[in-house]
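What follows is a single structure, written as structure tokens, with notes after it.
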Amino acid sequence: MAAGRRPGAGNSKKKGPSVGTGGHGRRRLEGKGPTPKAEDRPYHKAHKMKKAAERRNAARPKGAADRGPAKTHNRRGPGKTEDLVTGRNSVLESLRSGIPAKTLFIATRIEVDDRIRETLKLCAEANVPVLEATKPELDRLTEDAVHQGVVLQVPPYEYEDAEDLLESVMGQWQDRAQGEDRRPPLVVALDGITDPRNLGAIIRSVSAFAGDAVILPERRSTGVTATAWKTSAGAAARVPVGKATNLNRAVEKAKANGYFVVGLDGGGDVDLPGLELATEPLLVVVGSEGKGLSRLITENCDQIVSIPIDSAMESLNASMAVGITLYEIARRRAG
């Protein structure tokens, strides 16, 4: 009698090829390939920013390039973007002062308060375009500066040529010298001033004390930025600003055109109250608070004037020194 078979022996699997999944399992194990870039993932912030940039480029005139993110400080010259004023208070103060605004960007569904209402009203009165933008778009535009949902774009300032401006001011005085207004020209030049707030305050003083213009060097100097506009409290719209490729050469040209050049320095040989040149055509040059006037400018000055101050104070802020000097000049001219 044949021995009984062990249970399950007849179900043993044969070795060798067998019917399978057709390779589907192997393909699953291979994965989904390399991880896509952040900007190619629809749920990622970088993808949304990329799409927003594409929409802005599509809205621009043909041939216009994407300018990229703008900063809140000085960005002048070819290829540079406009200045930006950020924050509710700063934007409102700038519009009140008459800053030449180009565009107001405002966050979608922004919480409207009295500052926003007045900002929108001033933009409407000045025909400034208002564009809505998402918070990520404003973050990118300002490079994550604190904007509070409000960003004001300011176009680059258009400077005059310094030498032409000096000649024009002198010519206007000579033309009107036969009439009642015999006030001599008064121009302020900045030698190495890099703080836009100082520049804005100086422009404001020039306007307040009947000055005619401000001269800046092309290099190593601040420019008329949004910060300078705001600090000037609107005076930048009334006082022309010229740029000199070489400030020393512009000073020499001014002397040749009939200006007396006065430099402000703590160690001057003439005290401000004794400035006899105050009633003459003047070019007042002020240096930086730290370095003062440069050597070549000092050599070209007709007089170096100092402001008497308490010995405990080493020096005055440049804008304050200019304000005091212009006041004294105006006082002597009026007398």
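Chain lettering (A, B, ...) mirrors the order of the structure tokens, residue numbering begins at 1 for each chain separately, and ligand numbering begins at 1 in order of display.
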Check your understanding: Where does DSSP see alpha helix (DSSP H) in stretch 132-250 of chain A, if you list the residues as a ChimeraX atom specification?
Key -> /A:135-141,162-176,196-208,226-231,247-250
Exercise for review: Could you give me, as a VMD selection string, the residues within 8 Å of stretch 214-227 of chain A, counting only C-alpha atoms and dropping anything in the same chain fewer than 2 positions from it?
Suggested key: chain A and resid 73 to 74 83 to 85 99 154 156 to 157 162 187 to 197 199 to 200 203 206 212 229 to 231 239 to 247
Point to revise | Closest of A:Thr279, A:Ser294, A:Ser288, A:Thr119 to A:Glu328 - atom-to-atom distances counting only C-alpha atoms | key: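 Ranking A:Thr279, A:Ser294, A:Ser288, A:Thr119 by distance to A:Glu328, first place goes to A:Thr279.
Using only C-alpha atoms, the nearest neighbour of A:Asp161 within the list A:Cys301, A:Ala213, A:Ile116, A:Leu316 is A:Ala213.
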Check your understanding: For A:Val284, which of A:Ala233, A:Ala256, A:Ile202, A:Leu296 is the closest residue, counting only C-alpha atoms?
Key ->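 For A:Val284, the nearest of the given residues is A:Ile202.
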Practice item. Measure the distance from atom CA of A:Ser319 to atom CA of A:Ala254 in Å and round it to one decimal. Key: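 These atoms are spaced 22.2 Å apart.
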Review point. Mind checking DSSP for stretch 231-325 of chain A and telling me the strand (DSSP E) residues as a PyMOL selection string?
Key: chain A and resi 241-244+260-264+270-271+282-287+303-306
Using only all heavy atoms, please write the residues we just selected to a file, as a short mmCIF file (atom, residue, chain, number, x, y, z; two decimals), in the first residue's frame.
data_model
loop_
_atom_site.label_atom_id
_atom_site.label_comp_id
_atom_site.auth_asym_id
_atom_site.auth_seq_id
_atom_site.Cartn_x
_atom_site.Cartn_y
_atom_site.Cartn_z
N VAL A 241 18.75 120.82 -7.62
CA VAL A 241 19.95 120.13 -7.17
C VAL A 241 20.77 119.73 -8.40
O VAL A 241 20.25 119.14 -9.34
CB VAL A 241 19.60 118.87 -6.35
CG1 VAL A 241 20.87 118.14 -5.91
CG2 VAL A 241 18.76 119.26 -5.13
N GLY A 242 22.05 120.10 -8.38
CA GLY A 242 22.94 119.77 -9.49
C GLY A 242 24.00 118.78 -9.06
O GLY A 242 24.37 118.70 -7.90
N LYS A 243 24.49 117.99 -10.02
CA LYS A 243 25.55 117.03 -9.74
C LYS A 243 26.80 117.41 -10.51
O LYS A 243 26.73 117.77 -11.69
CB LYS A 243 25.11 115.61 -10.10
CG LYS A 243 24.51 114.86 -8.94
CD LYS A 243 24.53 113.37 -9.16
CE LYS A 243 24.07 112.63 -7.90
NZ LYS A 243 24.08 111.17 -8.08
N ALA A 244 27.94 117.32 -9.81
CA ALA A 244 29.23 117.66 -10.41
C ALA A 244 30.06 116.40 -10.58
O ALA A 244 30.24 115.64 -9.62
CB ALA A 244 29.97 118.66 -9.53
N PHE A 260 32.17 133.87 -4.31
CA PHE A 260 33.14 133.68 -3.25
C PHE A 260 32.84 132.33 -2.60
O PHE A 260 31.66 132.02 -2.34
CB PHE A 260 33.04 134.81 -2.21
CG PHE A 260 33.59 136.11 -2.70
CD1 PHE A 260 32.76 137.03 -3.33
CD2 PHE A 260 34.93 136.42 -2.54
CE1 PHE A 260 33.25 138.24 -3.80
CE2 PHE A 260 35.44 137.64 -3.00
CZ PHE A 260 34.61 138.56 -3.64
N VAL A 261 33.87 131.56 -2.36
CA VAL A 261 33.69 130.20 -1.84
C VAL A 261 34.05 130.19 -0.35
O VAL A 261 35.15 130.56 0.03
CB VAL A 261 34.54 129.18 -2.61
CG1 VAL A 261 34.32 127.78 -2.03
CG2 VAL A 261 34.18 129.21 -4.09
N VAL A 262 33.10 129.76 0.47
CA VAL A 262 33.29 129.71 1.92
C VAL A 262 33.14 128.26 2.36
O VAL A 262 32.13 127.61 2.05
CB VAL A 262 32.23 130.59 2.63
CG1 VAL A 262 32.28 130.37 4.13
CG2 VAL A 262 32.47 132.05 2.30
N GLY A 263 34.13 127.75 3.08
CA GLY A 263 34.06 126.40 3.60
C GLY A 263 33.75 126.41 5.08
O GLY A 263 34.23 127.27 5.83
N LEU A 264 32.93 125.45 5.54
CA LEU A 264 32.59 125.34 6.95
C LEU A 264 33.48 124.29 7.61
O LEU A 264 33.53 123.14 7.17
CB LEU A 264 31.12 124.95 7.13
CG LEU A 264 30.08 125.90 6.55
CD1 LEU A 264 28.68 125.41 6.89
CD2 LEU A 264 30.29 127.31 7.07
N VAL A 270 37.87 132.29 10.39
CA VAL A 270 36.88 133.35 10.53
C VAL A 270 35.68 132.79 11.28
O VAL A 270 35.16 131.74 10.94
CB VAL A 270 36.43 133.89 9.16
CG1 VAL A 270 35.34 134.93 9.32
CG2 VAL A 270 37.61 134.47 8.38
N ASP A 271 35.24 133.50 12.34
CA ASP A 271 34.01 133.11 13.03
C ASP A 271 32.80 133.55 12.22
O ASP A 271 32.82 134.60 11.58
CB ASP A 271 33.95 133.74 14.43
CG ASP A 271 34.90 133.05 15.41
OD1 ASP A 271 35.33 131.92 15.09
OD2 ASP A 271 35.22 133.64 16.45
N LEU A 282 27.69 133.84 -2.90
CA LEU A 282 28.38 132.85 -2.09
C LEU A 282 28.11 131.41 -2.55
O LEU A 282 26.97 131.05 -2.90
CB LEU A 282 27.94 132.97 -0.62
CG LEU A 282 28.59 134.05 0.24
CD1 LEU A 282 28.09 133.93 1.67
CD2 LEU A 282 30.10 133.95 0.20
N LEU A 283 29.17 130.62 -2.48
CA LEU A 283 29.07 129.17 -2.57
C LEU A 283 29.58 128.64 -1.23
O LEU A 283 30.77 128.72 -0.93
CB LEU A 283 29.90 128.62 -3.72
CG LEU A 283 29.98 127.09 -3.82
CD1 LEU A 283 28.58 126.50 -4.03
CD2 LEU A 283 30.91 126.66 -4.95
N VAL A 284 28.67 128.10 -0.42
CA VAL A 284 29.03 127.58 0.90
C VAL A 284 29.24 126.07 0.78
O VAL A 284 28.35 125.35 0.32
CB VAL A 284 27.91 127.87 1.93
CG1 VAL A 284 28.28 127.29 3.29
CG2 VAL A 284 27.67 129.37 2.03
N VAL A 285 30.43 125.60 1.18
CA VAL A 285 30.76 124.18 1.07
C VAL A 285 30.83 123.58 2.47
O VAL A 285 31.53 124.11 3.34
CB VAL A 285 32.10 123.97 0.34
CG1 VAL A 285 32.32 122.48 0.07
CG2 VAL A 285 32.14 124.76 -0.96
N VAL A 286 30.14 122.48 2.66
CA VAL A 286 30.15 121.78 3.95
C VAL A 286 30.64 120.35 3.73
O VAL A 286 30.26 119.70 2.76
CB VAL A 286 28.75 121.79 4.60
CG1 VAL A 286 27.73 121.12 3.72
CG2 VAL A 286 28.80 121.11 5.97
N GLY A 287 31.51 119.88 4.64
CA GLY A 287 32.04 118.53 4.55
C GLY A 287 31.31 117.58 5.48
O GLY A 287 30.39 117.97 6.21
N GLN A 303 37.57 131.61 2.19
CA GLN A 303 37.63 131.67 3.65
C GLN A 303 37.12 130.36 4.23
O GLN A 303 36.24 129.72 3.66
CB GLN A 303 36.76 132.83 4.20
CG GLN A 303 37.35 134.21 4.01
CD GLN A 303 36.50 135.29 4.66
OE1 GLN A 303 35.36 135.06 5.05
NE2 GLN A 303 37.06 136.49 4.78
N ILE A 304 37.72 129.97 5.37
CA ILE A 304 37.22 128.84 6.14
C ILE A 304 36.54 129.41 7.38
O ILE A 304 37.16 130.11 8.17
CB ILE A 304 38.35 127.87 6.55
CG1 ILE A 304 39.10 127.37 5.32
CG2 ILE A 304 37.78 126.70 7.34
CD1 ILE A 304 38.24 126.55 4.36
N VAL A 305 35.25 129.12 7.51
CA VAL A 305 34.43 129.73 8.56
C VAL A 305 34.07 128.67 9.60
O VAL A 305 33.73 127.53 9.26
CB VAL A 305 33.15 130.34 7.96
CG1 VAL A 305 32.27 130.92 9.05
CG2 VAL A 305 33.51 131.39 6.94
N SER A 306 34.15 129.05 10.86
CA SER A 306 33.75 128.15 11.94
C SER A 306 32.60 128.77 12.73
O SER A 306 32.46 130.00 12.78
CB SER A 306 34.94 127.88 12.88
OG SER A 306 35.39 129.08 13.47
#
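Candidate residues A:Ser232, A:Gln148, A:Ser168, A:Thr298 were compared for distance to A:Arg96, and the nearest is A:Ser232, using only C-alpha atoms.
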Point to revise | d(atom CA of A:Ile329, atom CA of A:Leu275) in Å | key: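 Going from atom CA of A:Ile329 over to atom CA of A:Leu275, I get 8.1 Å.
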Practice item. Using only C-alpha atoms, find the one residue out of A:Ile297, A:Gly149, A:Arg333, A:Ile324 that sits nearest to A:Val112. Key: A:Gly149
